[in-house]
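Structure data (compact mmCIF, C-alpha atoms and all ligand atoms) from upload.txt:
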# COMPACT_ATOMS: atom_id res chain seq x y z
CA MET L 11 30.03 46.12 -71.82
CA LYS L 12 27.79 48.58 -70.05
CA ILE L 13 24.26 49.42 -71.15
CA HIS L 14 21.79 52.18 -70.28
CA GLU L 15 19.26 52.01 -67.48
CA TYR L 16 16.34 51.91 -69.95
CA GLN L 17 17.92 48.94 -71.75
CA ALA L 18 18.62 47.15 -68.48
CA LYS L 19 14.98 47.65 -67.49
CA GLN L 20 13.81 46.13 -70.78
CA LEU L 21 15.93 43.11 -69.97
CA PHE L 22 14.45 43.04 -66.44
CA ARG L 23 10.93 42.99 -67.90
CA ARG L 24 11.79 39.95 -70.01
CA TYR L 25 12.77 38.11 -66.81
CA ASN L 26 9.77 39.33 -64.80
CA VAL L 27 11.83 41.56 -62.55
CA PRO L 28 9.33 44.36 -61.80
CA VAL L 29 10.23 47.90 -62.91
CA PRO L 30 8.17 51.11 -63.17
CA GLU L 31 6.28 51.78 -66.38
CA GLY L 32 8.08 54.10 -68.79
CA SER L 33 10.20 54.43 -71.90
CA VAL L 34 13.19 56.14 -73.46
CA VAL L 35 12.73 59.46 -75.30
CA PHE L 36 15.00 61.61 -77.45
CA SER L 37 13.16 64.95 -77.50
CA VAL L 38 11.10 67.24 -75.30
CA GLU L 39 7.96 66.59 -77.40
CA GLU L 40 8.40 62.86 -77.01
CA ALA L 41 8.94 63.28 -73.26
CA LYS L 42 5.60 65.12 -72.96
CA ARG L 43 3.75 62.51 -75.02
CA THR L 44 5.22 59.63 -73.00
CA ALA L 45 4.46 61.39 -69.72
CA SER L 46 0.79 61.98 -70.64
CA ALA L 47 0.41 58.35 -71.69
CA LEU L 48 1.54 57.27 -68.19
CA GLY L 49 -1.73 58.76 -66.97
CA GLY L 50 -0.67 60.27 -63.65
CA PHE L 51 1.88 62.24 -61.65
CA PRO L 52 4.57 62.45 -60.42
CA VAL L 53 6.55 61.46 -63.46
CA VAL L 54 10.31 60.89 -63.19
CA VAL L 55 12.66 62.34 -65.80
CA LYS L 56 16.02 60.55 -65.83
CA ALA L 57 19.19 61.29 -67.81
CA GLN L 58 20.50 58.19 -69.62
CA ILE L 59 24.29 58.04 -69.46
CA HIS L 60 26.66 55.21 -68.62
CA ALA L 61 27.49 56.54 -65.17
CA GLY L 62 25.90 56.50 -61.75
CA GLY L 63 25.35 59.31 -59.28
CA ARG L 64 22.93 61.05 -61.65
CA GLY L 65 20.50 61.93 -58.86
CA LYS L 66 23.09 64.00 -56.99
CA GLY L 67 24.30 65.60 -60.21
CA GLY L 68 20.81 66.86 -61.13
CA GLY L 69 20.05 64.21 -63.76
CA VAL L 70 17.04 62.59 -62.02
CA LYS L 71 14.01 64.78 -61.24
CA LEU L 72 10.35 64.45 -60.38
CA ALA L 73 7.69 66.37 -62.31
CA ALA L 74 4.25 67.08 -60.86
CA SER L 75 2.65 68.28 -64.11
CA ILE L 76 3.09 68.12 -67.87
CA ASN L 77 4.54 71.65 -67.82
CA GLU L 78 7.16 70.50 -65.38
CA VAL L 79 7.98 67.52 -67.59
CA GLU L 80 8.58 70.00 -70.39
CA THR L 81 10.80 72.23 -68.23
CA LEU L 82 12.82 69.31 -66.88
CA ALA L 83 13.21 67.57 -70.24
CA ASN L 84 14.44 70.87 -71.69
CA GLU L 85 16.87 71.27 -68.84
CA ILE L 86 18.30 67.73 -68.77
CA LEU L 87 18.40 66.90 -72.51
CA GLY L 88 21.60 68.37 -73.86
CA MET L 89 23.10 69.13 -70.46
CA THR L 90 26.62 68.03 -69.61
CA LEU L 91 25.99 65.94 -66.55
CA VAL L 92 28.82 65.77 -64.04
CA THR L 93 28.69 63.03 -61.40
CA HIS L 94 31.35 61.39 -59.23
CA GLN L 95 31.60 58.69 -61.89
CA THR L 96 31.91 60.85 -65.03
CA GLY L 97 35.04 62.79 -64.14
CA PRO L 98 35.07 66.60 -64.26
CA GLU L 99 34.43 66.72 -68.04
CA GLY L 100 30.97 65.20 -67.53
CA ARG L 101 28.79 63.46 -70.11
CA LEU L 102 26.42 64.94 -72.69
CA VAL L 103 22.84 63.77 -72.14
CA LYS L 104 21.23 62.62 -75.41
CA LYS L 105 18.28 60.61 -74.12
CA LEU L 106 15.93 60.44 -71.17
CA LEU L 107 13.93 57.77 -69.45
CA VAL L 108 10.42 59.02 -68.62
CA GLU L 109 8.85 56.89 -65.94
CA ALA L 110 5.83 56.63 -63.65
CA GLY L 111 6.83 58.02 -60.23
CA GLN L 112 6.66 55.64 -57.29
CA LEU L 113 5.63 56.12 -53.68
CA ILE L 114 8.69 54.92 -51.82
CA GLU L 115 8.50 53.36 -48.35
CA ARG L 116 12.16 52.27 -48.20
CA GLU L 117 15.20 52.25 -50.51
CA LEU L 118 17.27 49.04 -50.51
CA TYR L 119 20.44 47.94 -52.24
CA LEU L 120 20.84 44.69 -54.20
CA SER L 121 23.59 43.57 -56.56
CA LEU L 122 25.10 40.45 -58.10
CA LEU L 123 28.76 40.20 -59.05
CA VAL L 124 31.25 37.59 -60.15
CA ASP L 125 33.56 36.86 -57.22
CA ARG L 126 36.86 35.57 -58.62
CA ASN L 127 38.33 34.61 -55.25
CA THR L 128 35.60 32.09 -54.47
CA ALA L 129 34.68 31.33 -58.11
CA SER L 130 31.08 32.09 -57.25
CA ILE L 131 28.38 34.68 -57.74
CA VAL L 132 28.17 37.02 -54.78
CA ILE L 133 24.92 38.74 -53.86
CA MET L 134 25.44 41.99 -51.98
CA ALA L 135 22.47 43.47 -50.21
CA SER L 136 21.81 46.28 -47.78
CA PRO L 137 18.71 47.73 -46.15
CA ASP L 138 20.41 51.16 -46.47
CA GLY L 139 20.13 51.58 -50.25
CA GLY L 140 19.85 54.81 -52.22
CA MET L 141 22.18 57.57 -53.17
CA ASP L 142 24.52 57.23 -50.17
CA ILE L 143 25.50 53.57 -50.61
CA GLU L 144 29.20 54.49 -50.90
CA GLN L 145 28.97 56.08 -47.44
CA VAL L 146 27.34 52.92 -46.09
CA ALA L 147 30.15 50.78 -47.53
CA HIS L 148 32.69 53.12 -45.97
CA LYS L 149 31.17 53.85 -42.54
CA THR L 150 28.91 50.89 -41.72
CA PRO L 151 30.14 47.98 -43.87
CA ASP L 152 28.37 45.53 -41.53
CA ARG L 153 25.09 46.87 -42.98
CA ILE L 154 25.98 45.19 -46.29
CA ILE L 155 25.63 41.42 -46.36
CA LYS L 156 27.20 39.03 -48.85
CA VAL L 157 25.75 35.68 -49.89
CA TYR L 158 27.84 33.43 -52.14
CA ILE L 159 26.10 31.30 -54.77
CA ASP L 160 27.82 28.23 -56.17
CA PRO L 161 27.14 28.50 -59.91
CA LEU L 162 26.97 24.71 -60.22
CA MET L 163 24.28 24.47 -57.53
CA GLY L 164 22.34 27.56 -58.51
CA ILE L 165 20.56 29.82 -56.06
CA GLN L 166 18.81 27.95 -53.22
CA GLY L 167 15.57 28.79 -51.44
CA TYR L 168 17.29 29.42 -48.12
CA GLN L 169 19.63 31.91 -49.79
CA LEU L 170 16.69 33.86 -51.25
CA ARG L 171 15.19 34.06 -47.74
CA GLN L 172 18.56 34.96 -46.18
CA VAL L 173 18.84 38.00 -48.46
CA GLY L 174 15.16 38.89 -47.93
CA PHE L 175 15.55 38.85 -44.14
CA ALA L 176 18.73 40.93 -44.30
CA LEU L 177 16.83 43.54 -46.31
CA GLY L 178 13.95 43.51 -43.84
CA ILE L 179 11.40 42.58 -46.50
CA PRO L 180 7.99 42.34 -44.77
CA GLY L 181 6.18 39.01 -44.81
CA ALA L 182 3.58 40.21 -47.30
CA ALA L 183 6.30 40.96 -49.88
CA MET L 184 8.65 38.02 -49.19
CA LYS L 185 7.28 35.73 -51.90
CA GLN L 186 7.45 38.50 -54.47
CA PHE L 187 11.01 39.32 -53.40
CA SER L 188 12.14 35.67 -53.66
CA THR L 189 10.78 35.44 -57.20
CA LEU L 190 12.46 38.74 -58.12
CA LEU L 191 15.87 37.62 -56.84
CA SER L 192 15.62 34.19 -58.39
CA ASN L 193 14.69 35.74 -61.77
CA LEU L 194 17.52 38.23 -61.44
CA TYR L 195 19.97 35.39 -60.83
CA GLN L 196 18.70 33.64 -63.95
CA LEU L 197 19.11 36.86 -65.97
CA PHE L 198 22.66 37.21 -64.65
CA MET L 199 23.67 33.67 -65.62
CA GLU L 200 21.93 33.45 -69.00
CA ASN L 201 23.40 36.71 -70.24
CA ASP L 202 26.96 36.23 -68.92
CA CYS L 203 26.75 39.35 -66.78
CA SER L 204 29.70 40.56 -64.74
CA MET L 205 27.48 42.85 -62.67
CA VAL L 206 23.82 43.59 -62.06
CA GLU L 207 23.04 46.35 -59.59
CA ILE L 208 19.70 47.68 -58.37
CA ASN L 209 20.09 50.80 -56.29
CA PRO L 210 17.57 51.49 -55.09
CA LEU L 211 15.40 48.44 -55.01
CA ILE L 212 12.30 49.93 -53.41
CA LEU L 213 9.60 48.76 -51.12
CA THR L 214 6.49 50.76 -51.99
CA VAL L 215 3.90 51.99 -49.51
CA ASP L 216 1.63 49.12 -50.62
CA ASP L 217 4.31 46.45 -49.96
CA LYS L 218 5.53 45.87 -53.50
CA VAL L 219 9.19 45.46 -54.45
CA LEU L 220 10.39 47.19 -57.60
CA ALA L 221 13.71 47.96 -59.32
CA LEU L 222 13.80 51.77 -59.40
CA ASP L 223 17.27 51.86 -60.96
CA ALA L 224 19.07 49.23 -63.05
CA LYS L 225 22.70 48.80 -63.95
CA VAL L 226 23.95 45.86 -66.02
CA ASP L 227 27.46 45.06 -67.19
CA PHE L 228 28.13 42.12 -69.53
CA ASP L 229 31.36 40.15 -69.67
CA ALA L 230 32.81 41.39 -72.97
CA ASN L 231 34.63 38.08 -73.47
CA ALA L 232 31.30 36.25 -73.61
CA LEU L 233 29.52 38.64 -75.97
CA TYR L 234 30.22 36.47 -79.00
CA ARG L 235 27.53 34.17 -77.56
CA HIS L 236 24.96 36.98 -77.45
CA GLN L 237 24.57 38.70 -80.80
CA GLU L 238 21.32 40.34 -79.59
CA LEU L 239 23.14 42.02 -76.70
CA MET L 240 25.79 43.51 -78.99
CA GLU L 241 23.02 45.72 -80.40
CA LEU L 242 22.68 47.40 -77.01
CA ARG L 243 26.19 48.85 -77.23
CA ASP L 244 26.20 52.67 -77.30
CA LEU L 245 29.43 53.92 -78.84
CA ASP L 246 28.55 57.51 -77.80
CA GLU L 247 29.28 56.48 -74.22
CA GLU L 248 32.72 55.04 -74.90
CA ASP L 249 36.12 56.65 -75.36
CA PRO L 250 36.38 57.25 -79.16
CA MET L 251 40.01 56.11 -79.24
CA GLU L 252 39.17 52.91 -77.39
CA VAL L 253 36.33 52.27 -79.86
CA GLU L 254 38.73 52.79 -82.76
CA ALA L 255 41.27 50.41 -81.19
CA SER L 256 38.62 47.74 -80.61
CA ARG L 257 37.86 47.75 -84.36
CA PHE L 258 41.32 46.26 -84.88
CA ASN L 259 41.22 43.91 -81.86
CA LEU L 260 43.78 45.98 -80.01
CA ASN L 261 43.61 46.01 -76.22
CA TYR L 262 43.82 49.71 -75.61
CA ILE L 263 43.05 51.81 -72.56
CA ASN L 264 43.44 55.54 -72.54
CA LEU L 265 45.35 56.91 -69.50
CA ASP L 266 46.41 60.41 -68.54
CA GLY L 267 50.24 60.47 -68.86
CA ASN L 268 52.28 61.54 -71.90
CA VAL L 269 54.34 58.48 -72.89
CA GLY L 270 52.45 56.43 -75.46
CA ASN L 271 53.42 52.79 -75.55
CA ILE L 272 52.93 49.80 -77.80
CA VAL L 273 53.65 46.38 -76.40
CA ASN L 274 52.81 42.80 -77.32
CA GLY L 275 51.31 40.86 -74.43
CA ALA L 276 49.41 42.15 -71.41
CA GLY L 277 52.08 41.11 -68.88
CA LEU L 278 54.82 42.85 -70.81
CA ALA L 279 52.54 45.90 -71.15
CA MET L 280 52.15 46.04 -67.35
CA ALA L 281 55.91 45.72 -66.87
CA THR L 282 56.51 48.43 -69.46
CA MET L 283 54.15 50.81 -67.70
CA ASP L 284 56.00 50.10 -64.46
CA ILE L 285 59.42 50.88 -65.92
CA ILE L 286 58.12 54.09 -67.52
CA LYS L 287 56.88 55.16 -64.07
CA ASN L 288 60.13 54.04 -62.50
CA ALA L 289 62.07 56.24 -64.89
CA GLY L 290 60.01 59.24 -63.76
CA ALA L 291 57.51 59.50 -66.62
CA THR L 292 53.80 58.53 -66.90
CA PRO L 293 52.14 56.25 -69.47
CA ALA L 294 49.52 57.82 -71.75
CA ASN L 295 47.91 54.49 -72.48
CA PHE L 296 47.94 50.75 -72.19
CA MET L 297 48.26 49.18 -75.65
CA ASP L 298 48.61 45.45 -76.08
CA VAL L 299 48.75 44.51 -79.76
CA GLY L 300 48.59 40.84 -78.74
CA GLY L 301 50.95 37.92 -79.09
CA GLY L 302 50.06 37.20 -82.70
CA ALA L 303 49.60 40.72 -84.06
CA SER L 304 49.77 41.40 -87.79
CA SER L 305 51.76 44.26 -89.25
CA GLU L 306 48.44 45.94 -90.04
CA GLN L 307 47.52 45.90 -86.34
CA VAL L 308 50.87 47.39 -85.42
CA GLU L 309 50.30 50.10 -87.99
CA ASN L 310 46.87 50.93 -86.55
CA ALA L 311 48.23 50.88 -83.01
CA LEU L 312 50.87 53.48 -83.86
CA ARG L 313 48.39 55.60 -85.80
CA ILE L 314 45.93 55.64 -82.87
CA ILE L 315 48.62 56.54 -80.34
CA LEU L 316 50.06 59.31 -82.50
CA ALA L 317 46.58 60.80 -82.93
CA ASP L 318 46.49 61.40 -79.17
CA SER L 319 47.62 64.99 -78.64
CA LYS L 320 48.82 64.38 -75.08
CA VAL L 321 51.42 61.87 -76.30
CA LYS L 322 54.88 63.51 -76.27
CA ALA L 323 56.98 60.39 -76.91
CA VAL L 324 56.37 56.73 -77.74
CA LEU L 325 57.99 53.62 -76.38
CA ILE L 326 57.65 50.51 -78.51
CA ASN L 327 58.56 47.41 -76.57
CA ILE L 328 58.29 44.13 -78.45
CA PHE L 329 59.30 40.64 -77.54
CA GLY L 330 59.18 38.66 -80.75
CA GLY L 331 57.63 35.27 -80.10
CA ILE L 332 54.58 34.48 -82.18
CA LEU L 333 54.77 38.04 -83.50
CA ARG L 334 58.13 38.00 -85.27
CA CYS L 335 60.33 41.09 -85.11
CA ASP L 336 60.50 41.44 -88.92
CA ILE L 337 56.68 41.46 -89.24
CA PHE L 338 56.52 43.99 -86.49
CA ALA L 339 59.19 46.21 -88.05
CA LYS L 340 57.28 46.16 -91.35
CA GLY L 341 54.17 47.43 -89.51
CA ILE L 342 56.16 50.28 -87.99
CA VAL L 343 57.64 51.28 -91.35
CA ASP L 344 54.21 51.21 -93.04
CA ALA L 345 52.70 53.26 -90.25
CA ALA L 346 55.54 55.75 -90.34
CA ARG L 347 55.08 56.28 -94.08
CA LYS L 348 51.38 57.05 -93.64
CA THR L 349 51.52 59.03 -90.43
CA ASN L 350 53.30 62.16 -89.48
CA ILE L 351 55.69 61.06 -86.74
CA ARG L 352 55.72 64.18 -84.64
CA VAL L 353 57.33 62.82 -81.47
CA PRO L 354 60.45 60.83 -80.56
CA ILE L 355 59.94 57.05 -80.80
CA VAL L 356 62.09 54.68 -78.75
CA VAL L 357 62.19 51.07 -79.91
CA ARG L 358 63.25 48.08 -77.87
CA MET L 359 62.93 44.84 -79.75
CA GLU L 360 64.11 41.35 -78.82
CA GLY L 361 63.34 37.78 -79.87
CA THR L 362 62.59 35.86 -83.07
CA ASN L 363 64.10 37.41 -86.23
CA VAL L 364 65.38 40.41 -84.29
CA GLU L 365 68.29 40.98 -86.70
CA GLU L 366 65.96 41.11 -89.73
CA GLY L 367 63.66 43.42 -87.78
CA LYS L 368 66.46 45.82 -86.92
CA LYS L 369 67.65 45.79 -90.53
CA ILE L 370 64.16 46.74 -91.81
CA LEU L 371 63.96 49.59 -89.33
CA SER L 372 67.44 50.98 -90.02
CA GLN L 373 67.05 50.73 -93.83
CA ALA L 374 63.77 52.65 -93.69
CA GLY L 375 65.68 55.74 -92.61
CA LEU L 376 63.17 56.60 -89.89
CA ASN L 377 64.21 58.75 -87.03
CA LEU L 378 63.86 56.07 -84.33
CA ILE L 379 65.78 55.87 -81.08
CA ASN L 380 67.21 52.41 -80.57
CA ALA L 381 67.26 50.97 -77.05
CA GLU L 382 69.45 48.11 -75.89
CA ASN L 383 67.23 46.78 -73.12
CA LEU L 384 64.18 47.58 -70.99
CA SER L 385 65.78 50.03 -68.58
CA ASP L 386 67.69 51.75 -71.38
CA ALA L 387 64.36 52.13 -73.24
CA ALA L 388 62.64 53.60 -70.18
CA GLN L 389 65.47 56.07 -69.52
CA LYS L 390 65.50 57.22 -73.14
CA VAL L 391 61.74 57.73 -73.39
CA ALA L 392 61.59 59.51 -70.03
CA ALA L 393 64.44 61.80 -71.14
CA ALA L 394 62.43 62.62 -74.27
CA VAL L 395 59.43 63.96 -72.32
CA ILE L 396 61.10 65.66 -69.39
P1 LIG U 1 21.36 57.47 -59.69
O1 LIG U 1 21.50 58.66 -58.81
O2 LIG U 1 22.13 57.63 -60.98
O3 LIG U 1 21.73 56.19 -59.02
O4 LIG U 1 19.81 57.39 -60.14
P2 LIG U 1 18.56 56.61 -59.48
O5 LIG U 1 17.77 56.02 -60.55
O6 LIG U 1 19.02 55.67 -58.42
O7 LIG U 1 17.73 57.79 -58.81
C1 LIG U 1 18.23 58.56 -57.76
C2 LIG U 1 17.20 58.80 -56.68
O8 LIG U 1 16.07 59.44 -57.22
C3 LIG U 1 16.66 57.53 -56.03
O9 LIG U 1 17.51 57.04 -55.03
C4 LIG U 1 15.34 58.01 -55.50
O10 LIG U 1 15.50 58.58 -54.21
C5 LIG U 1 14.92 59.12 -56.46
N1 LIG U 1 13.84 58.61 -57.33
C6 LIG U 1 13.98 57.99 -58.51
N2 LIG U 1 12.77 57.60 -59.00
C7 LIG U 1 11.86 57.98 -58.07
C8 LIG U 1 10.43 57.86 -57.97
O11 LIG U 1 9.74 57.28 -58.81
N3 LIG U 1 9.83 58.40 -56.86
C9 LIG U 1 10.55 59.01 -55.90
N4 LIG U 1 9.91 59.52 -54.85
N5 LIG U 1 11.89 59.15 -55.96
C10 LIG U 1 12.53 58.64 -57.02
MN MN U 2 20.83 54.50 -58.45
As structure tokens, how would this structure be written, given the file I've shared?
Amino acid sequence: MKIHEYQAKQLFRRYNVPVPEGSVVFSVEEAKRTASALGGFPVVVKAQIHAGGRGKGGGVKLAASINEVETLANEILGMTLVTHQTGPEGRLVKKLLVEAGQLIERELYLSLLVDRNTASIVIMASPDGGMDIEQVAHKTPDRIIKVYIDPLMGIQGYQLRQVGFALGIPGAAMKQFSTLLSNLYQLFMENDCSMVEINPLILTVDDKVLALDAKVDFDANALYRHQELMELRDLDEEDPMEVEASRFNLNYINLDGNVGNIVNGAGLAMATMDIIKNAGATPANFMDVGGGASSEQVENALRIILADSKVKAVLINIFGGILRCDIFAKGIVDAARKTNIRVPIVVRMEGTNVEEGKKILSQAGLNLINAENLSDAAQKVAAAVI
């Protein structure tokens, strides 16, 4: 689960990771009030959306006076900000972070990630931070160092210094940097983060280190342990169909093809997407109703997929194990009664109680296309959209 920069910075403050003074605002008036309270210029006006690259897209600007704050807040609030991470449709800006501007000596890069290969936390750091970090990763990858932390050992003093040296932190700021990184590691572990990224971490002209930007991603599977973090979720920033699907515990990801599909089990869902591709069509989504889905979940899954206007045909591929075929068939019939089935639906069903399942479907008199096996199903659904 991603959160906004202003929320990430509040979390940083709780762990004594230094950030500039400032706060979130929702209107131009509020932006002016907050800027005056900061008591000096420049003031930075920053669009709050769940995507990076805001600086290059015109969503981060410096104001030298209160009039400029007003102009910039007017300009950025309500704009559709397009960055390399938003896609061409961009993101509507509904809030701003108004912050005290900093005098930057150098921009550095610092992040923590879960590294599955080594089952450790990896710290990535580069002295070449800032808006061109992707270029650095591409052209001079040796300028990014990686330090692996064993989660059972915790972060060690020598590792803090190793990162500090790699970043070229001057002696006068080394102690402050070590404390910052050690606090950041603690924040990462205690909140079950999957990623924390500071780009840029800055060295100021008076040798202070400060997180100028803040990106935090929590492991969604651990959120049940952190009720307080759930409150940071911003549904405005998520795909509305994915939000709807999550209400019913459906694993749904919106994609850009035109064959909707409903499958039980993530592995089978992957395989189904592959065979759809193989047959010359493209999946419109990934939808795993789960091994033990109820007929109500199946009903909601079909409703959500049919509400997607780009879906031109649906492939339902079910292997009845814990989810029995008859329960599943009942879900489809209920959904069909409540929803307008406007596209061809191909069903491939196999496993426990498959005969009962097929009987329920055929007696319902729905216009479903029956498939004998996986490749037959893929051929039939591809034929329906081509
Ligand atoms: P991003 O583009 O979405 O990653 O947004 P950032 O928060 O990283 O800001 C982009 C860039 O704006 C930074 O790399 C800085 O160069 C610049 N910037 C942000 N805040 C300040 C500030 O307080 N002072 C100065 N001089 N530049 C800033
Ligand atoms: Mn940044």
Could you report the residues within 9 Å of ligand LIG 1 (chain U), using all atoms listed in the file, as a ChimeraX atom specification?
/L:15,30,52-59,61-72,93,109-114,117,139-142,208-212,222-225
Can you write out the residues you just picked, keeping C-alpha atoms, as a short mmCIF file (atom, residue, chain, number, x, y, z; two decimals), keeping the file's coordinate frame?
data_model
loop_
_atom_site.label_atom_id
_atom_site.label_comp_id
_atom_site.auth_asym_id
_atom_site.auth_seq_id
_atom_site.Cartn_x
_atom_site.Cartn_y
_atom_site.Cartn_z
CA GLU L 15 19.26 52.01 -67.48
CA PRO L 30 8.17 51.11 -63.17
CA PRO L 52 4.57 62.45 -60.42
CA VAL L 53 6.55 61.46 -63.46
CA VAL L 54 10.31 60.89 -63.19
CA VAL L 55 12.66 62.34 -65.80
CA LYS L 56 16.02 60.55 -65.83
CA ALA L 57 19.19 61.29 -67.81
CA GLN L 58 20.50 58.19 -69.62
CA ILE L 59 24.29 58.04 -69.46
CA ALA L 61 27.49 56.54 -65.17
CA GLY L 62 25.90 56.50 -61.75
CA GLY L 63 25.35 59.31 -59.28
CA ARG L 64 22.93 61.05 -61.65
CA GLY L 65 20.50 61.93 -58.86
CA LYS L 66 23.09 64.00 -56.99
CA GLY L 67 24.30 65.60 -60.21
CA GLY L 68 20.81 66.86 -61.13
CA GLY L 69 20.05 64.21 -63.76
CA VAL L 70 17.04 62.59 -62.02
CA LYS L 71 14.01 64.78 -61.24
CA LEU L 72 10.35 64.45 -60.38
CA THR L 93 28.69 63.03 -61.40
CA GLU L 109 8.85 56.89 -65.94
CA ALA L 110 5.83 56.63 -63.65
CA GLY L 111 6.83 58.02 -60.23
CA GLN L 112 6.66 55.64 -57.29
CA LEU L 113 5.63 56.12 -53.68
CA ILE L 114 8.69 54.92 -51.82
CA GLU L 117 15.20 52.25 -50.51
CA GLY L 139 20.13 51.58 -50.25
CA GLY L 140 19.85 54.81 -52.22
CA MET L 141 22.18 57.57 -53.17
CA ASP L 142 24.52 57.23 -50.17
CA ILE L 208 19.70 47.68 -58.37
CA ASN L 209 20.09 50.80 -56.29
CA PRO L 210 17.57 51.49 -55.09
CA LEU L 211 15.40 48.44 -55.01
CA ILE L 212 12.30 49.93 -53.41
CA LEU L 222 13.80 51.77 -59.40
CA ASP L 223 17.27 51.86 -60.96
CA ALA L 224 19.07 49.23 -63.05
CA LYS L 225 22.70 48.80 -63.95
#
Point (64.7, 35.6, -85.2), cut-off 9 Å, counting all atoms listed in the file, residues as a PyMOL selection string:
chain L and resi 330-331+334-336+360-367
Contacts of range 16-28 of chain L at 8 Å or less, counting only C-alpha atoms, minus same-chain residues fewer than 2 places along, as a ChimeraX atom specification?
/L:13-14,30,33-34,58,107,190,193-194,196-197,219-221,224-226,242
Would you mind exporting C-alpha atoms of the selected residues as a PDB file, keeping the file's coordinate frame?
ATOM      1  CA  ILE L  13      24.260  49.420 -71.150  1.00  0.00           C
ATOM      2  CA  HIS L  14      21.790  52.180 -70.280  1.00  0.00           C
ATOM      3  CA  PRO L  30       8.170  51.110 -63.170  1.00  0.00           C
ATOM      4  CA  SER L  33      10.200  54.430 -71.900  1.00  0.00           C
ATOM      5  CA  VAL L  34      13.190  56.140 -73.460  1.00  0.00           C
ATOM      6  CA  GLN L  58      20.500  58.190 -69.620  1.00  0.00           C
ATOM      7  CA  LEU L 107      13.930  57.770 -69.450  1.00  0.00           C
ATOM      8  CA  LEU L 190      12.460  38.740 -58.120  1.00  0.00           C
ATOM      9  CA  ASN L 193      14.690  35.740 -61.770  1.00  0.00           C
ATOM     10  CA  LEU L 194      17.520  38.230 -61.440  1.00  0.00           C
ATOM     11  CA  GLN L 196      18.700  33.640 -63.950  1.00  0.00           C
ATOM     12  CA  LEU L 197      19.110  36.860 -65.970  1.00  0.00           C
ATOM     13  CA  VAL L 219       9.190  45.460 -54.450  1.00  0.00           C
ATOM     14  CA  LEU L 220      10.390  47.190 -57.600  1.00  0.00           C
ATOM     15  CA  ALA L 221      13.710  47.960 -59.320  1.00  0.00           C
ATOM     16  CA  ALA L 224      19.070  49.230 -63.050  1.00  0.00           C
ATOM     17  CA  LYS L 225      22.700  48.800 -63.950  1.00  0.00           C
ATOM     18  CA  VAL L 226      23.950  45.860 -66.020  1.00  0.00           C
ATOM     19  CA  LEU L 242      22.680  47.400 -77.010  1.00  0.00           C
TER      20      LEU L 242
END
Using all atoms listed in the file, find the one residue out of L:Val108, L:Leu378, L:Leu118, L:Lys287 that sits nearest to ligand MN 2 (chain U).
L:Leu118
From CA of Leu325 in chain L to CA of Asp284 in chain L the spacing works out at 12.6 Å
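Picture a line from CA of Asn261 in chain L to CA of Val395 in chain L; it runs 24.2 Å.
CA of Gly97 in chain L lies 25.2 Å from CA of Gly290 in chain L.
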